[in-house]
Amino acid sequence: MKKKIFVICVDRDNDLGRKANVRGPVIGRERNLEAAQKLILADPSESDANTMFAAITKLEEAKKLYKNVEIVTITGEGKTGLKADKEINRQLDIIEKEYLVDGWILITDGAEDSQVIPILQSRAKIISTEQVIIKQAQAVESTFYTIKEALKDPGIARLALGVPGILLLTFFFIGEQSVQVIALIAGAYLLLKGFGIEDRVFGFIRMITSSLTEQRYMSFVMYIAAILLPLVGIWTAYVQLMSSEFIDVSIDIAGAMRTLYPFVVSSVIVLLAGRATDSVYSKKAYKLGDYIVQGLAIVCAWAIIDAGTLVFLRQAELAWLPANIMLSFVILVIAMRIGKTFDVREKITKLFIGLNAIDEQGNYLGRVVEANKTKQVIIIQEPTTMKKLEKKREQFTISNGRVLVIS
């Protein structure tokens, strides 16, 4: 294995994957040129594409000074941070399996991608670094353009325009008495934003809308029911609490909360049932076992909390709580064993038919057209040549609903 010096681009926020549907690592001049062209066509203002073109130019320059030089672009995973660095390390492992890296020539478009320097230095020495600065017209450099581009980001737009808009409308309709309502709205939004709950809420909304647009009406109904059930439970608990005599406030609150438990548990179970239905629809039936275990875990948690509430309300003996804990533990152990029977990732099954197949670099190989349980092989048909590839069980795995062929 010959030593190679790599001209390397780092797309830490994975614009290449999100905008051009190209997965890293992208190795070789031709593949990088093709990937950069795809990215620049998808977004002409994308600086990562210009960085990749600059890296190709740097490759030609480096070939005059070094014998064995190659070019590679690696990508992160969505938002920057630990997850992105984990993906970068995974791609570097792929490179080091095939090549003996003698050094890096790093091409970057800014400080964010430069944060990967310690990771690269842990693998090989950095021979040179170059930051690509994109020249832009004066109008582009203006403050107005910068603000306009920033507001295209949904998160910034919601914070800078959406929340003030809601507050102004609230003040318009309610008037001077709207201070508490405005404080409630602003406080709730900041709470959701600060603890990262906002993304989950919008992800849930996207899941509901996609189930409707893709005509998965059964899961759509389940998602709506999952939203309504807790609201009905809160109202029921509130009515019960207001009808109490308030002799012992703690007892009254505990009794009202016990009324709420079944609605919350039912909501979570209905939500899991909806996601299980979607997993079958999207050929990810191997997740069914996880949803079953999660559902039973919720029921067991409900049993334990309810038992503790009954003991607190003096409606059950103290021994009732540890008995529920032990029984819940046994049920969960059994559920985890049963759940494994639904995990087809380690088996050959007809559920593989129709899945897309890719290699470790993210290249599309074709679609699975046959799964032979007896021979423990699957057949992948290439899209252009229609050639059929046979892969044994140890030669592939399942990742994100796709067959990942291992070299």
# chains A, B, ... in the order shown; residues from 1 in each chain; ligands from 1
call {"tool": "residues_around", "arguments": {"residues": "Ile40 of chain A", "least_positions_apart": "4", "cutoff": "12 Å", "atoms": "only C-alpha atoms", "output": "list in words"}}
result
Asp15, Leu16, Lys19, Ala20, Leu33, Glu34, Ala35, Ala36, Pro44, Ser45, Glu46, Ser47, Asp48, Ala49, Asn50, Thr51, Met52 and Phe53 of chain A
call {"tool": "residues_around", "arguments": {"residues": "Leu120 of chain A", "least_positions_apart": "6", "cutoff": "10 Å", "atoms": "only C-alpha atoms", "output": "NGL selection string"}}
result
:A and (8 or 88-89 or 92 or 103-104 or 106 or 126)
call {"tool": "residues_around", "arguments": {"residues": "segment 299-305 of chain A", "least_positions_apart": "4", "cutoff": "6 Å", "atoms": "only C-alpha atoms", "output": "list in words"}}
result
Asn324, Ile325 and Ser328 of chain A
call {"tool": "write_last_selection", "arguments": {"atoms": "N, CA and C atoms", "output": "PDB file, in the first residue's frame"}}
result
ATOM      1  N   ASN A 324     -45.162  -4.047  41.786  1.00  0.00           N
ATOM      2  CA  ASN A 324     -45.315  -3.538  40.419  1.00  0.00           C
ATOM      3  C   ASN A 324     -43.965  -3.350  39.727  1.00  0.00           C
ATOM      4  N   ILE A 325     -42.972  -2.906  40.491  1.00  0.00           N
ATOM      5  CA  ILE A 325     -41.632  -2.723  39.908  1.00  0.00           C
ATOM      6  C   ILE A 325     -41.068  -4.051  39.432  1.00  0.00           C
ATOM      7  N   SER A 328     -43.011  -5.336  36.361  1.00  0.00           N
ATOM      8  CA  SER A 328     -42.668  -4.534  35.174  1.00  0.00           C
ATOM      9  C   SER A 328     -41.312  -4.948  34.620  1.00  0.00           C
TER      10      SER A 328
END
call {"tool": "residues_around", "arguments": {"residues": "Lys350 of chain A", "least_positions_apart": "5", "cutoff": "10 Å", "atoms": "only C-alpha atoms", "output": "list in words"}}
result
Val344, Val368, Val369, Glu370, Ala371, Asn372, Lys373 and Ile378 of chain A
call {"tool": "atom_distance", "arguments": {"atom1": "atom CA of Trp320 of chain A", "atom2": "atom CA of Leu296 of chain A"}}
result
19.5 Å
call {"tool": "closest_residue", "arguments": {"among": "A:Ser122, A:Ser244, A:Ser219, A:Thr384", "to": "Leu272 of chain A", "atoms": "only C-alpha atoms"}}
result
A:Ser219
call {"tool": "residues_around", "arguments": {"residues": "Cys9 of chain A", "least_positions_apart": "4", "cutoff": "9 Å", "atoms": "only C-alpha atoms", "output": "ChimeraX atom specification"}}
result
/A:48,51-52,55,71-75,105-109,113
